[in-house]
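K.L.:
Sharing a structure below in structure tokens format, with a few things to ask.
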Amino acid sequence: MLKVKSPPNNRRAFLINSFPRNLNPVTFSQNLVTQVVQTNSPLYRQKFKSIIMKIKKNIALSDTGFVFNPSTGDSFSVNPIGLEILRKLKDNEPHEKIKKHLLEAYNTDTDSVEKDFYDFTKMLEQLQLTEADAK
Amino acid sequence: MPSKQVTVAVTGLNNIDSPGPGIPVIRGLLDSKDYDVRIIGLSYDALEPGIYMHELVDKSYQIPLPSAGQNSIMERLRYINSVENIDVIIPNFDAELYNFIKMAPALEKELGIKSFLPTMEQFEERHKSNLPEFGKKYDINVPKSKMIFSTAEIASLTKDFTYPLVVKGKFYDASVAYSPEQAAQYFNKISAKWGLPIIIQQFTYGTEVNVTALGDGKGNTIGAVPMRKQVITDKGKAWAGITLEDEELLRITRKLIGNSKWRGPCELEMIKTNDGEYFLIEINPRTPAWVYLAVGAGQNHPEALLKLALGGKVKPFEHYDIGKMFIRYSYDMICDLKEFETISTLGEL
């Protein structure tokens, strides 16, 4: 069973530190989901919740896929699938639910979804669009 | 419909690739809902574009350079005022502010020309060379900096600084030096143009963010709009920019204006590090050339400045549009030689 530490102040560090280097983070989070369900422990739920990527509340998303970060002045364009994922992330949908939706809605396989989803969310983090970067 | 008629003299008509703030200030004044403003342009060079922008500037006069001294400038303003009956003067260059701050009481008493400028103490204490003390006094992070007067001092800089560092002129110009050789090169280049001392500042990694702000001299921030440059010219000037949502930056601005009781317009140049820390790298004691972005975002700072100069009470702005952009462009005006001849020979147009 996983040993849960108290939530650290720097949530970004928490995200990185939470993933063992030799383990795919997405798979790891899947393991977590399983255990949360199994144990039904509030502590596990708390930890699982804390590693869900949250998009900053002030990020503006337009229907055309234009993304604007008013804190930095940066703007980006995402394709329709990227926009769909961003909206779901902004609505705080769990990663697993989003990936499940992508698998059902598009002609793709689990490995591709997991890899692309991971790449996409990492990119969002690097572009300072996630709460983990909020100061 | 604006009802009150006022005549305002404005400097900084050099609307070039490194623009003076005169034209954006004039545009803000002309956007005023309360005042019907007649603009008198004050220029230093016959080729300042604002002289020929007749849709913005009603009449232009050449004035002596700041180095000519206060008596010459005062004499020229006496003549201009005898023709134009100026109500308010808005100087827009760092280099002329010393004279105008000194002359302000005489201008108002003798000629009835009002202004709303920083005090001499505020003007002096925010000098690039005094910035570390300024930071300490008002509790603002400032990068380490030092004044130097000779290239011989560059070799010993490594005791206190690490490369890269920024080599700055006392009024304008700054270059990032990655080696002592580069530092010496920039020292010579900048000091030849702007004189001594040269200011050496520790380079801070991060994103440059700027704020245009206006203080009422009693500690209140009348307006403040933060902006990030999106396109920068080779001189480091913004060619495009966007307003930001940055509460921390506004908090720092309000704190600085509140503690220093800043009077008049100013521009804060800050670096936001990747850790979210803010470092003040410069305070310009005048309106920045991008001030029309603030007007477009809902805060007409030039109009508020005019009201303050006229002794009116100004309610602080509470909002501005986030994500409002400005994009500069160059435009070729076609001018008659006759106009150039008139301003060159008679000193007025």
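The way I read the labels, and the way they are meant: chains A, B, ... in the order of the structure tokens, residue 1 as the first residue of every chain, and ligand 1 as the first ligand shown, with later ones counted on from there.
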Restrict the distance test to only C-alpha atoms, flag each residue of chain B within 7 Å of chain A, and return the flagged residues as a list in words.

P.N.:
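Interface list for chain B against chain A: Arg228, Ile242, Leu244, Glu245, Asp246, Gly276, Ile322 and Gly323 of chain B.
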
K.L.:
Identify, with DSSP run on backbone atoms, the residues in stretch 136-165 of chain B assigned to helix (DSSP H, G or I), and express the list as an MDAnalysis selection string.

P.N.:
chainID B and resid 136:138 151:153 155:159

K.L.:
How many Å lie between atom CA of A:Ile59 and atom CA of A:Ile81, rounded to one decimal?

P.N.:
17.4 Å

K.L.:
Can you tell me, as number ranges by chain, which residues in stretch 203-326 of chain B count as strand (DSSP E) by DSSP?

P.N.:
B: 207-216, 221-232, 238-243, 263-272, 278-284, 325-326

K.L.:
Got time to write the residues from that selection, N, CA and C atoms, as a short mmCIF file (atom, residue, chain, number, x, y, z; two decimals), in the first residue's frame?

P.N.:
data_model
loop_
_atom_site.label_atom_id
_atom_site.label_comp_id
_atom_site.auth_asym_id
_atom_site.auth_seq_id
_atom_site.Cartn_x
_atom_site.Cartn_y
_atom_site.Cartn_z
N THR B 207 11.25 37.56 -17.33
CA THR B 207 10.46 38.27 -18.35
C THR B 207 10.31 39.72 -17.93
N GLU B 208 10.54 40.63 -18.90
CA GLU B 208 10.36 42.04 -18.56
C GLU B 208 8.88 42.40 -18.61
N VAL B 209 8.42 43.03 -17.56
CA VAL B 209 7.04 43.54 -17.52
C VAL B 209 7.11 45.00 -17.10
N ASN B 210 6.24 45.80 -17.64
CA ASN B 210 6.27 47.24 -17.36
C ASN B 210 4.91 47.70 -16.86
N VAL B 211 4.95 48.77 -16.09
CA VAL B 211 3.69 49.37 -15.62
C VAL B 211 3.72 50.85 -15.92
N THR B 212 2.65 51.37 -16.50
CA THR B 212 2.50 52.82 -16.60
C THR B 212 1.57 53.22 -15.47
N ALA B 213 1.98 54.21 -14.69
CA ALA B 213 1.20 54.56 -13.50
C ALA B 213 1.17 56.07 -13.29
N LEU B 214 0.24 56.46 -12.46
CA LEU B 214 0.08 57.89 -12.16
C LEU B 214 -0.21 58.03 -10.67
N GLY B 215 0.62 58.85 -10.00
CA GLY B 215 0.41 59.08 -8.56
C GLY B 215 -0.08 60.50 -8.32
N ASP B 216 -0.88 60.67 -7.26
CA ASP B 216 -1.43 62.01 -7.02
C ASP B 216 -0.57 62.85 -6.07
N THR B 221 -2.59 55.86 -5.87
CA THR B 221 -2.33 55.49 -7.26
C THR B 221 -3.60 55.79 -8.05
N ILE B 222 -3.52 56.78 -8.93
CA ILE B 222 -4.69 57.16 -9.72
C ILE B 222 -4.96 56.12 -10.80
N GLY B 223 -3.89 55.60 -11.38
CA GLY B 223 -4.05 54.56 -12.41
C GLY B 223 -2.79 53.74 -12.53
N ALA B 224 -2.93 52.50 -12.96
CA ALA B 224 -1.77 51.63 -13.19
C ALA B 224 -2.19 50.53 -14.15
N VAL B 225 -1.41 50.37 -15.21
CA VAL B 225 -1.70 49.32 -16.20
C VAL B 225 -0.41 48.56 -16.50
N PRO B 226 -0.39 47.24 -16.24
CA PRO B 226 0.81 46.46 -16.56
C PRO B 226 0.79 45.94 -18.00
N MET B 227 1.96 45.85 -18.58
CA MET B 227 2.07 45.46 -19.99
C MET B 227 3.31 44.59 -20.20
N ARG B 228 3.20 43.65 -21.13
CA ARG B 228 4.39 42.90 -21.55
C ARG B 228 4.66 43.20 -23.02
N LYS B 229 5.93 43.45 -23.32
CA LYS B 229 6.28 43.73 -24.71
C LYS B 229 6.19 42.44 -25.53
N GLN B 230 5.56 42.52 -26.68
CA GLN B 230 5.44 41.33 -27.54
C GLN B 230 6.41 41.38 -28.70
N VAL B 231 6.69 42.58 -29.18
CA VAL B 231 7.70 42.76 -30.22
C VAL B 231 8.63 43.87 -29.73
N ILE B 232 9.93 43.62 -29.85
CA ILE B 232 10.91 44.59 -29.35
C ILE B 232 11.83 45.00 -30.49
N ALA B 238 9.31 48.73 -27.17
CA ALA B 238 8.16 47.89 -27.52
C ALA B 238 7.57 48.33 -28.85
N TRP B 239 7.36 47.39 -29.74
CA TRP B 239 6.70 47.68 -31.02
C TRP B 239 5.30 47.08 -30.99
N ALA B 240 5.08 46.19 -30.04
CA ALA B 240 3.75 45.64 -29.79
C ALA B 240 3.74 45.21 -28.33
N GLY B 241 2.59 45.29 -27.71
CA GLY B 241 2.51 44.90 -26.30
C GLY B 241 1.08 44.57 -25.92
N ILE B 242 0.94 43.98 -24.74
CA ILE B 242 -0.38 43.51 -24.32
C ILE B 242 -0.57 43.77 -22.82
N THR B 243 -1.77 44.18 -22.43
CA THR B 243 -2.01 44.41 -21.00
C THR B 243 -2.14 43.07 -20.28
N ARG B 263 4.48 61.73 -7.34
CA ARG B 263 3.63 62.78 -7.92
C ARG B 263 3.83 62.76 -9.43
N GLY B 264 2.76 62.52 -10.16
CA GLY B 264 2.83 62.55 -11.62
C GLY B 264 2.92 61.17 -12.24
N PRO B 265 3.23 61.14 -13.53
CA PRO B 265 3.30 59.85 -14.21
C PRO B 265 4.63 59.15 -13.99
N CYS B 266 4.65 57.86 -14.17
CA CYS B 266 5.91 57.13 -14.13
C CYS B 266 5.74 55.80 -14.85
N GLU B 267 6.87 55.22 -15.20
CA GLU B 267 6.87 53.88 -15.77
C GLU B 267 7.80 53.02 -14.94
N LEU B 268 7.31 51.89 -14.46
CA LEU B 268 8.15 50.96 -13.73
C LEU B 268 8.57 49.85 -14.68
N GLU B 269 9.86 49.61 -14.77
CA GLU B 269 10.36 48.50 -15.58
C GLU B 269 10.79 47.41 -14.62
N MET B 270 10.15 46.25 -14.71
CA MET B 270 10.42 45.17 -13.76
C MET B 270 10.79 43.89 -14.51
N ILE B 271 11.51 43.02 -13.81
CA ILE B 271 11.76 41.67 -14.32
C ILE B 271 11.02 40.70 -13.41
N LYS B 272 10.21 39.85 -14.03
CA LYS B 272 9.56 38.79 -13.27
C LYS B 272 10.36 37.51 -13.50
N TYR B 278 9.76 39.64 -8.34
CA TYR B 278 9.82 40.84 -9.18
C TYR B 278 11.02 41.68 -8.77
N PHE B 279 11.77 42.14 -9.77
CA PHE B 279 12.90 43.03 -9.53
C PHE B 279 12.69 44.32 -10.30
N LEU B 280 12.81 45.42 -9.61
CA LEU B 280 12.68 46.72 -10.26
C LEU B 280 14.00 47.05 -10.94
N ILE B 281 13.97 47.24 -12.26
CA ILE B 281 15.24 47.57 -12.93
C ILE B 281 15.34 49.05 -13.29
N GLU B 282 14.22 49.72 -13.32
CA GLU B 282 14.26 51.14 -13.65
C GLU B 282 12.93 51.82 -13.35
N ILE B 283 12.99 53.10 -12.97
CA ILE B 283 11.76 53.91 -12.89
C ILE B 283 11.96 55.10 -13.80
N ASN B 284 11.10 55.25 -14.75
CA ASN B 284 11.14 56.44 -15.59
C ASN B 284 10.15 57.45 -15.01
N MET B 325 -4.24 45.02 -26.75
CA MET B 325 -2.92 45.07 -27.39
C MET B 325 -2.68 46.39 -28.11
N PHE B 326 -1.40 46.74 -28.26
CA PHE B 326 -1.07 47.81 -29.20
C PHE B 326 -0.04 47.26 -30.18
#

K.L.:
Could you jot down the atom CA of B:Lys146 to atom CA of B:Arg251 separation for me, Å, one decimal place?

P.N.:
27.3 Å
